[in-house]
Each structure stands twice: as C-alpha cells, then as structure tokens.
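J.: Input structure: run30.pdb, which contains PDB, C-alpha atoms, pLDDT in the B column.
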MODEL        1
ATOM      1  CA  MET P   1     -18.155  23.896  -8.384  1.00 82.00           C
ATOM      2  CA  LEU P   2     -19.025  20.488  -6.932  1.00 80.00           C
ATOM      3  CA  ALA P   3     -16.136  18.802  -8.779  1.00 80.00           C
ATOM      4  CA  VAL P   4     -13.646  21.323  -7.419  1.00 86.00           C
ATOM      5  CA  THR P   5     -14.998  20.859  -3.888  1.00 88.00           C
ATOM      6  CA  ARG P   6     -14.704  17.086  -4.231  1.00 88.00           C
ATOM      7  CA  GLN P   7     -11.097  17.348  -5.426  1.00 89.00           C
ATOM      8  CA  VAL P   8     -10.124  19.765  -2.652  1.00 91.00           C
ATOM      9  CA  ALA P   9     -11.757  17.565   0.006  1.00 92.00           C
ATOM     10  CA  ALA P  10     -10.035  14.471  -1.367  1.00 91.00           C
ATOM     11  CA  GLY P  11      -6.711  16.336  -1.485  1.00 91.00           C
ATOM     12  CA  VAL P  12      -7.105  17.433   2.133  1.00 94.00           C
ATOM     13  CA  LEU P  13      -7.983  13.872   3.175  1.00 94.00           C
ATOM     14  CA  ALA P  14      -4.990  12.429   1.292  1.00 94.00           C
ATOM     15  CA  ALA P  15      -2.675  15.029   2.875  1.00 95.00           C
ATOM     16  CA  LEU P  16      -4.121  14.241   6.307  1.00 96.00           C
ATOM     17  CA  LEU P  17      -3.484  10.519   5.764  1.00 95.00           C
ATOM     18  CA  LEU P  18       0.129  11.192   4.781  1.00 95.00           C
ATOM     19  CA  ILE P  19       0.729  13.542   7.711  1.00 96.00           C
ATOM     20  CA  THR P  20      -0.726  10.947  10.068  1.00 96.00           C
ATOM     21  CA  GLY P  21       1.533   8.265   8.548  1.00 95.00           C
ATOM     22  CA  VAL P  22       4.629  10.406   9.060  1.00 95.00           C
ATOM     23  CA  TRP P  23       3.536  11.269  12.601  1.00 95.00           C
ATOM     24  CA  ALA P  24       2.973   7.606  13.488  1.00 94.00           C
ATOM     25  CA  SER P  25       6.321   6.609  11.976  1.00 92.00           C
ATOM     26  CA  TRP P  26       8.337   9.424  13.516  1.00 93.00           C
ATOM     27  CA  GLY P  27       8.019   8.069  17.079  1.00 86.00           C
ATOM     28  CA  SER P  28      10.359   5.201  16.193  1.00 85.00           C
ATOM     29  CA  ALA P  29      12.061   6.586  13.111  1.00 89.00           C
ATOM     30  CA  GLN P  30      13.631   9.551  14.892  1.00 89.00           C
ATOM     31  CA  HIS P  31      15.775   7.200  16.970  1.00 87.00           C
ATOM     32  CA  VAL P  32      16.962   5.296  13.900  1.00 87.00           C
ATOM     33  CA  VAL P  33      17.426   8.306  11.612  1.00 87.00           C
ATOM     34  CA  PHE P  34      19.324  10.387  14.208  1.00 85.00           C
ATOM     35  CA  PRO P  35      21.187   7.837  16.379  1.00 78.00           C
ATOM     36  CA  SER P  36      24.098  10.096  17.348  1.00 79.00           C
ATOM     37  CA  GLY P  37      24.168  10.823  21.061  1.00 80.00           C
ATOM     38  CA  ARG P  38      21.878   7.893  21.805  1.00 83.00           C
ATOM     39  CA  GLU P  39      22.693   4.534  23.319  1.00 85.00           C
ATOM     40  CA  ARG P  40      23.426   2.098  20.482  1.00 88.00           C
ATOM     41  CA  GLY P  41      24.276  -1.553  20.773  1.00 89.00           C
ATOM     42  CA  GLU P  42      23.008  -5.099  20.360  1.00 91.00           C
ATOM     43  CA  MET P  43      20.189  -6.841  22.132  1.00 90.00           C
ATOM     44  CA  THR P  44      20.253 -10.610  22.465  1.00 89.00           C
ATOM     45  CA  VAL P  45      16.685 -11.901  22.403  1.00 89.00           C
ATOM     46  CA  ALA P  46      16.102 -13.978  25.524  1.00 87.00           C
ATOM     47  CA  ARG P  47      12.296 -14.076  25.640  1.00 86.00           C
ATOM     48  CA  CYS P  48       9.310 -13.064  23.502  1.00 84.00           C
ATOM     49  CA  ALA P  49       5.785 -12.869  24.901  1.00 81.00           C
ATOM     50  CA  GLY P  50       2.755 -10.689  24.307  1.00 81.00           C
ATOM     51  CA  GLY P  51       4.180  -8.878  21.296  1.00 81.00           C
ATOM     52  CA  VAL P  52       7.325  -7.773  23.173  1.00 86.00           C
ATOM     53  CA  CYS P  53      10.787  -9.320  23.187  1.00 86.00           C
ATOM     54  CA  SER P  54      13.328  -8.742  25.935  1.00 89.00           C
ATOM     55  CA  GLY P  55      16.946  -9.509  26.591  1.00 90.00           C
ATOM     56  CA  PRO P  56      20.316  -8.111  27.638  1.00 92.00           C
ATOM     57  CA  PHE P  57      21.813  -5.062  25.936  1.00 90.00           C
ATOM     58  CA  ALA P  58      25.506  -4.884  24.994  1.00 88.00           C
ATOM     59  CA  PRO P  59      26.698  -1.320  24.271  1.00 87.00           C
ATOM     60  CA  ALA P  60      28.384  -0.371  21.007  1.00 86.00           C
ATOM     61  CA  SER P  61      28.588   3.422  21.370  1.00 81.00           C
ATOM     62  CA  PRO P  62      30.619   5.484  23.859  1.00 82.00           C
ATOM     63  CA  VAL P  63      27.522   6.885  25.583  1.00 80.00           C
ATOM     64  CA  ALA P  64      25.851   3.482  26.007  1.00 81.00           C
ATOM     65  CA  VAL P  65      25.895   1.426  29.194  1.00 83.00           C
ATOM     66  CA  ARG P  66      25.177  -2.275  29.644  1.00 87.00           C
ATOM     67  CA  HIS P  67      21.580  -3.140  30.602  1.00 88.00           C
ATOM     68  CA  ALA P  68      20.474  -6.506  31.964  1.00 87.00           C
ATOM     69  CA  ARG P  69      17.080  -6.216  30.230  1.00 89.00           C
ATOM     70  CA  VAL P  70      15.714  -4.057  27.442  1.00 90.00           C
ATOM     71  CA  THR P  71      12.459  -4.479  25.555  1.00 88.00           C
ATOM     72  CA  LEU P  72      11.758  -4.416  21.832  1.00 86.00           C
ATOM     73  CA  ASP P  73       8.423  -4.632  20.003  1.00 81.00           C
ATOM     74  CA  ARG P  74       8.223  -8.051  18.409  1.00 72.00           C
ATOM     75  CA  SER P  75       8.392  -8.130  14.642  1.00 68.00           C
ATOM     76  CA  VAL P  76       8.867 -10.616  11.849  1.00 58.00           C
ATOM     77  CA  GLY P  77      12.197 -12.411  12.015  1.00 63.00           C
ATOM     78  CA  VAL P  78      12.777 -12.167  15.766  1.00 73.00           C
ATOM     79  CA  VAL P  79      13.754 -15.512  17.291  1.00 76.00           C
ATOM     80  CA  LYS P  80      15.216 -16.474  20.649  1.00 81.00           C
ATOM     81  CA  GLY P  81      18.990 -16.060  20.692  1.00 83.00           C
ATOM     82  CA  ALA P  82      19.075 -13.562  17.814  1.00 82.00           C
ATOM     83  CA  ARG P  83      21.395 -10.568  18.171  1.00 88.00           C
ATOM     84  CA  ILE P  84      19.648  -7.444  16.932  1.00 87.00           C
ATOM     85  CA  PRO P  85      21.231  -3.992  16.539  1.00 89.00           C
ATOM     86  CA  VAL P  86      19.140  -1.501  18.513  1.00 89.00           C
ATOM     87  CA  VAL P  87      18.996   2.104  19.660  1.00 90.00           C
ATOM     88  CA  LEU P  88      17.576   2.816  23.111  1.00 89.00           C
ATOM     89  CA  LYS P  89      14.983   5.528  23.537  1.00 87.00           C
ATOM     90  CA  PRO P  90      16.394   8.271  25.785  1.00 86.00           C
ATOM     91  CA  GLY P  91      15.872   7.674  29.496  1.00 83.00           C
ATOM     92  CA  SER P  92      14.347   4.217  29.109  1.00 83.00           C
ATOM     93  CA  THR P  93      15.116   0.580  28.454  1.00 84.00           C
ATOM     94  CA  SER P  94      12.803   0.506  25.437  1.00 86.00           C
ATOM     95  CA  ALA P  95      14.698  -0.305  22.253  1.00 87.00           C
ATOM     96  CA  VAL P  96      14.085   0.413  18.577  1.00 88.00           C
ATOM     97  CA  ARG P  97      15.588  -1.806  15.900  1.00 87.00           C
ATOM     98  CA  ALA P  98      18.515  -0.074  14.152  1.00 86.00           C
ATOM     99  CA  GLY P  99      20.192  -0.416  10.775  1.00 84.00           C
ATOM    100  CA  GLY P 100      18.493  -0.906   7.439  1.00 86.00           C
ATOM    101  CA  PRO P 101      15.769  -3.243   8.707  1.00 85.00           C
ATOM    102  CA  GLY P 102      15.018  -0.902  11.603  1.00 86.00           C
ATOM    103  CA  PHE P 103      14.864   2.095   9.284  1.00 89.00           C
ATOM    104  CA  LEU P 104      12.379   0.373   6.992  1.00 90.00           C
ATOM    105  CA  ARG P 105      10.302  -1.028   9.868  1.00 88.00           C
ATOM    106  CA  ALA P 106      10.033   2.419  11.457  1.00 89.00           C
ATOM    107  CA  TRP P 107       8.432   3.797   8.292  1.00 92.00           C
ATOM    108  CA  VAL P 108       5.806   1.020   7.913  1.00 93.00           C
ATOM    109  CA  PRO P 109       2.943   3.300   9.090  1.00 94.00           C
ATOM    110  CA  LEU P 110       3.884   5.744   6.325  1.00 95.00           C
ATOM    111  CA  GLY P 111       3.773   2.888   3.801  1.00 95.00           C
ATOM    112  CA  GLY P 112       0.247   2.031   4.904  1.00 95.00           C
ATOM    113  CA  ALA P 113      -0.759   5.680   4.722  1.00 96.00           C
ATOM    114  CA  LEU P 114       0.593   5.895   1.163  1.00 96.00           C
ATOM    115  CA  VAL P 115      -1.499   2.896   0.111  1.00 96.00           C
ATOM    116  CA  LEU P 116      -4.626   4.375   1.713  1.00 96.00           C
ATOM    117  CA  ALA P 117      -3.956   7.809   0.228  1.00 95.00           C
ATOM    118  CA  SER P 118      -3.669   6.276  -3.245  1.00 95.00           C
ATOM    119  CA  VAL P 119      -7.284   5.102  -3.006  1.00 95.00           C
ATOM    120  CA  VAL P 120      -8.405   8.614  -2.047  1.00 94.00           C
ATOM    121  CA  VAL P 121      -6.323  10.179  -4.833  1.00 93.00           C
ATOM    122  CA  ALA P 122      -7.755   7.778  -7.427  1.00 93.00           C
ATOM    123  CA  GLY P 123     -11.369   7.957  -6.301  1.00 88.00           C
ATOM    124  CA  GLY P 124     -11.752  11.500  -5.033  1.00 87.00           C
ATOM    125  CA  MET P 125      -9.265  13.429  -7.133  1.00 87.00           C
ATOM    126  CA  ARG P 126      -9.470  11.268 -10.280  1.00 89.00           C
ATOM    127  CA  ARG P 127      -5.662  11.355 -10.595  1.00 88.00           C
ATOM    128  CA  ARG P 128      -4.945   7.795 -11.680  1.00 93.00           C
ATOM    129  CA  ARG P 129      -1.223   8.160 -12.405  1.00 95.00           C
ATOM    130  CA  LEU P 130      -0.536   9.912  -9.114  1.00 94.00           C
ATOM    131  CA  ALA P 131      -2.563   7.227  -7.343  1.00 94.00           C
ATOM    132  CA  TRP P 132      -0.498   4.457  -8.959  1.00 96.00           C
ATOM    133  CA  VAL P 133       2.748   6.180  -7.982  1.00 96.00           C
ATOM    134  CA  THR P 134       1.537   6.774  -4.418  1.00 95.00           C
ATOM    135  CA  GLY P 135       0.217   3.246  -3.980  1.00 95.00           C
ATOM    136  CA  GLY P 136       3.311   1.758  -5.614  1.00 96.00           C
ATOM    137  CA  ALA P 137       5.589   3.686  -3.264  1.00 96.00           C
ATOM    138  CA  GLY P 138       3.610   2.497  -0.252  1.00 96.00           C
ATOM    139  CA  PHE P 139       3.580  -1.097  -1.464  1.00 97.00           C
ATOM    140  CA  ALA P 140       7.332  -0.979  -2.179  1.00 96.00           C
ATOM    141  CA  LEU P 141       8.039   0.389   1.307  1.00 95.00           C
ATOM    142  CA  LEU P 142       5.888  -2.260   2.992  1.00 94.00           C
ATOM    143  CA  THR P 143       7.425  -5.054   0.909  1.00 94.00           C
ATOM    144  CA  ALA P 144      10.987  -3.841   1.533  1.00 93.00           C
ATOM    145  CA  ALA P 145      10.332  -3.613   5.271  1.00 90.00           C
ATOM    146  CA  PHE P 146       8.904  -7.129   5.388  1.00 87.00           C
ATOM    147  CA  VAL P 147      11.792  -8.583   3.382  1.00 87.00           C
ATOM    148  CA  ALA P 148      14.491  -6.704   5.343  1.00 84.00           C
ATOM    149  CA  VAL P 149      13.096  -7.530   8.783  1.00 76.00           C
ATOM    150  CA  GLY P 150      12.345 -11.119   7.822  1.00 70.00           C
ATOM    151  CA  LEU P 151      15.936 -11.827   6.826  1.00 53.00           C
TER     152      LEU P 151
ENDMDL
END
Starting from the file, give its structure as structure tokens.
T.:
Amino acid sequence: MLAVTRQVAAGVLAALLLITGVWASWGSAQHVVFPSGRERGEMTVARCAGGVCSGPFAPASPVAVRHARVTLDRSVGVVKGARIPVVLKPGSTSAVRAGGPGFLRAWVPLGGALVLASVVVAGGMRRRRLAWVTGGAGFALLTAAFVAVGL
C-alpha cells in the first residue's frame, strides 16, 4: 500500500510540474504559436539594460502599426543593432520574439519542468526509462532553444 501511495504522489507531483511548465510557457508561447491577428514585425535593438532591450518597431503585418519604442526581454544573442522578428502582445508595446528561435525560447520553462519531472519520475515512481525520455526531451528543448537564440 505504501509503494502505491508513493507512486501516486510522485505521479501527481510530476504532473503538477509539467502543468506548471506549460502554464509558465504559455504566457509568451501563445503569441508565437497563434500570431494571426496580432501585430508582427521587426524590432531593431537600440538599447539593452536591466534585462530588457528596447528599440523601434517596423510593422510586417497588415494590422501592425509603427512604434517608436517597444520592449523585449533580453536573451542570449541580443546585441545592439540586431533586427529581431517579434510579435507584440495585444494592447501593449511589449514584444515577444517570433520565428523558430522565439518558439523555442517561449517553451524554455516547459523544458526545465521536464528535467525536474524526470527526477521525480525516476526517484518516486521508479520508472527509469520514462525518466530518461522525459529528461532527454527537456534537455533537448533547452539545448535547441539556447542554440537557436544564440545564433
């Protein structure tokens, strides 16, 4: 009975970690995954300070308008003068990186959750193969995001 309880508790914890990872990722990912009807364009990085980069926004979609200044969370590979494809969050000048690198970067919290869940699956549920697959998927997502954004 104790072994079953341990496995159920570990399964619930692993599921909670994964749900939290999706929830944390979805705030940015929704703008990248479903960009239709949103303002899309390119941001030219003019300044980076305090973990945030800012610069002018040039529209690339019919619904987009030019903005003198939009902000983007700083990430690996952002340098002054770089032109980055972005999607603006509705009703704001806050941008989310678009394209393949933006897609991968948006799902980084899920990658971390997968790595953490693999430890719970291996230790609490004693499912080694599932833990390797889960951890490997998380590691692959984190590595792909780092490589794509760093290029």
J.: I need the residue nearest His31 (chain P) from this list: P:Gly99, P:Gly51, P:Gly111, P:Pro59. Use all atoms listed in the file for the distance.
T.: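 Once distances to His31 (chain P) are computed over all atoms listed in the file, the minimum belongs to P:Gly99.
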J.: For the file shown, what are the residues hit by the PyMOL selection byres ((chain P and resi 10) around 10), laid out as JSON, numbers by chain?
T.: {"P": [4, 5, 6, 7, 8, 9, 11, 12, 13, 14, 15, 16, 117, 119, 120, 121, 122, 123, 124, 125, 126]}
J.: Taking the file as shown, what set of residues would the PyMOL selection byres ((chain P and resi 96) around 10) give back, as a list in words?
T.: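 Against this file, the PyMOL selection byres ((chain P and resi 96) around 10) returns the residues Gly27, Ser28, Ala29, Gln30, His31, Val32, Arg40, Thr71, Leu72, Asp73, Ile84, Pro85, Val86, Val87, Leu88, Lys89, Thr93, Ser94, Ala95, Arg97, Ala98, Gly99, Gly102, Phe103, Arg105 and Ala106 of chain P.
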J.: With distances taken over only C-alpha atoms, which residue among P:Leu110, P:Val33, P:Val79, P:Leu141 lies nearest Arg47 (chain P)?
T.: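 Going through P:Leu110, P:Val33, P:Val79, P:Leu141 one by one, the smallest distance to Arg47 (chain P) is for P:Val79.
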J.: P:Val108, P:Val52, P:Val70, P:Val45: which is nearest Gly21 (chain P), counting only C-alpha atoms?
T.: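 Comparing P:Val108, P:Val52, P:Val70, P:Val45 against Gly21 (chain P), the winner is P:Val108.
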J.: So the first atom is CA of Val115 (chain P) and the second is CA of Thr134 (chain P); what is the distance between them in Å, to one decimal place?
T.: 6.7 Å
J.: Edge lengths and centre in Å to one decimal, as AutoDock Vina command-line options, of the axis-aligned box that encloses all listed atoms of region 63-69 of chain P with 3 Å added on every side?
T.:
--center_x 22.3 --center_y 0.2 --center_z 28.8 --size_x 16.4 --size_y 19.4 --size_z 12.4
J.: Evaluating the PyMOL selection byres ((chain P and resi 83) around 6) on the displayed file yields which residues, as a PDB file with C-alpha atoms, keeping the file's coordinate frame?
T.:
ATOM      1  CA  MET P  43      20.189  -6.841  22.132  1.00 90.00           C
ATOM      2  CA  THR P  44      20.253 -10.610  22.465  1.00 89.00           C
ATOM      3  CA  ALA P  82      19.075 -13.562  17.814  1.00 82.00           C
ATOM      4  CA  ILE P  84      19.648  -7.444  16.932  1.00 87.00           C
TER       5      ILE P  84
END
J.: Within 12 Å of (27.2, 1.0, 24.3) in the file's own coordinates, which protein, DNA or RNA residues have an atom, counting all atoms listed in the file? List them as a PyMOL selection string.
T.: chain P and resi 36-43+56-67+85-88
J.: Show which residues sit within 8 Å of Leu142 (chain P), as a PDB file with C-alpha atoms, in the coordinates of the input. Count all atoms listed in the file, and ignore same-chain residues fewer than 3 positions away.
T.:
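What landed in selection18.pdb:
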ATOM      1  CA  VAL P 108       5.806   1.020   7.913  1.00 93.00           C
ATOM      2  CA  GLY P 111       3.773   2.888   3.801  1.00 95.00           C
ATOM      3  CA  GLY P 112       0.247   2.031   4.904  1.00 95.00           C
ATOM      4  CA  GLY P 138       3.610   2.497  -0.252  1.00 96.00           C
ATOM      5  CA  PHE P 139       3.580  -1.097  -1.464  1.00 97.00           C
ATOM      6  CA  ALA P 145      10.332  -3.613   5.271  1.00 90.00           C
ATOM      7  CA  PHE P 146       8.904  -7.129   5.388  1.00 87.00           C
TER       8      PHE P 146
END
J.: List the spatial neighbours of Ala46 (chain P) as a list in words - criterion: any atom at most 7 Å away, all atoms listed in the file, same-chain residues fewer than 5 positions off excluded.
T.: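 Residues near the query, excluding close chain neighbours: Ser54, Gly55, Lys80 and Gly81 of chain P.
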J.: Between CA of Leu130 (chain P) and CA of Leu17 (chain P), what distance in Å does the model show, to one decimal?
T.: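 Going from CA of Leu130 (chain P) over to CA of Leu17 (chain P), I get 15.2 Å.
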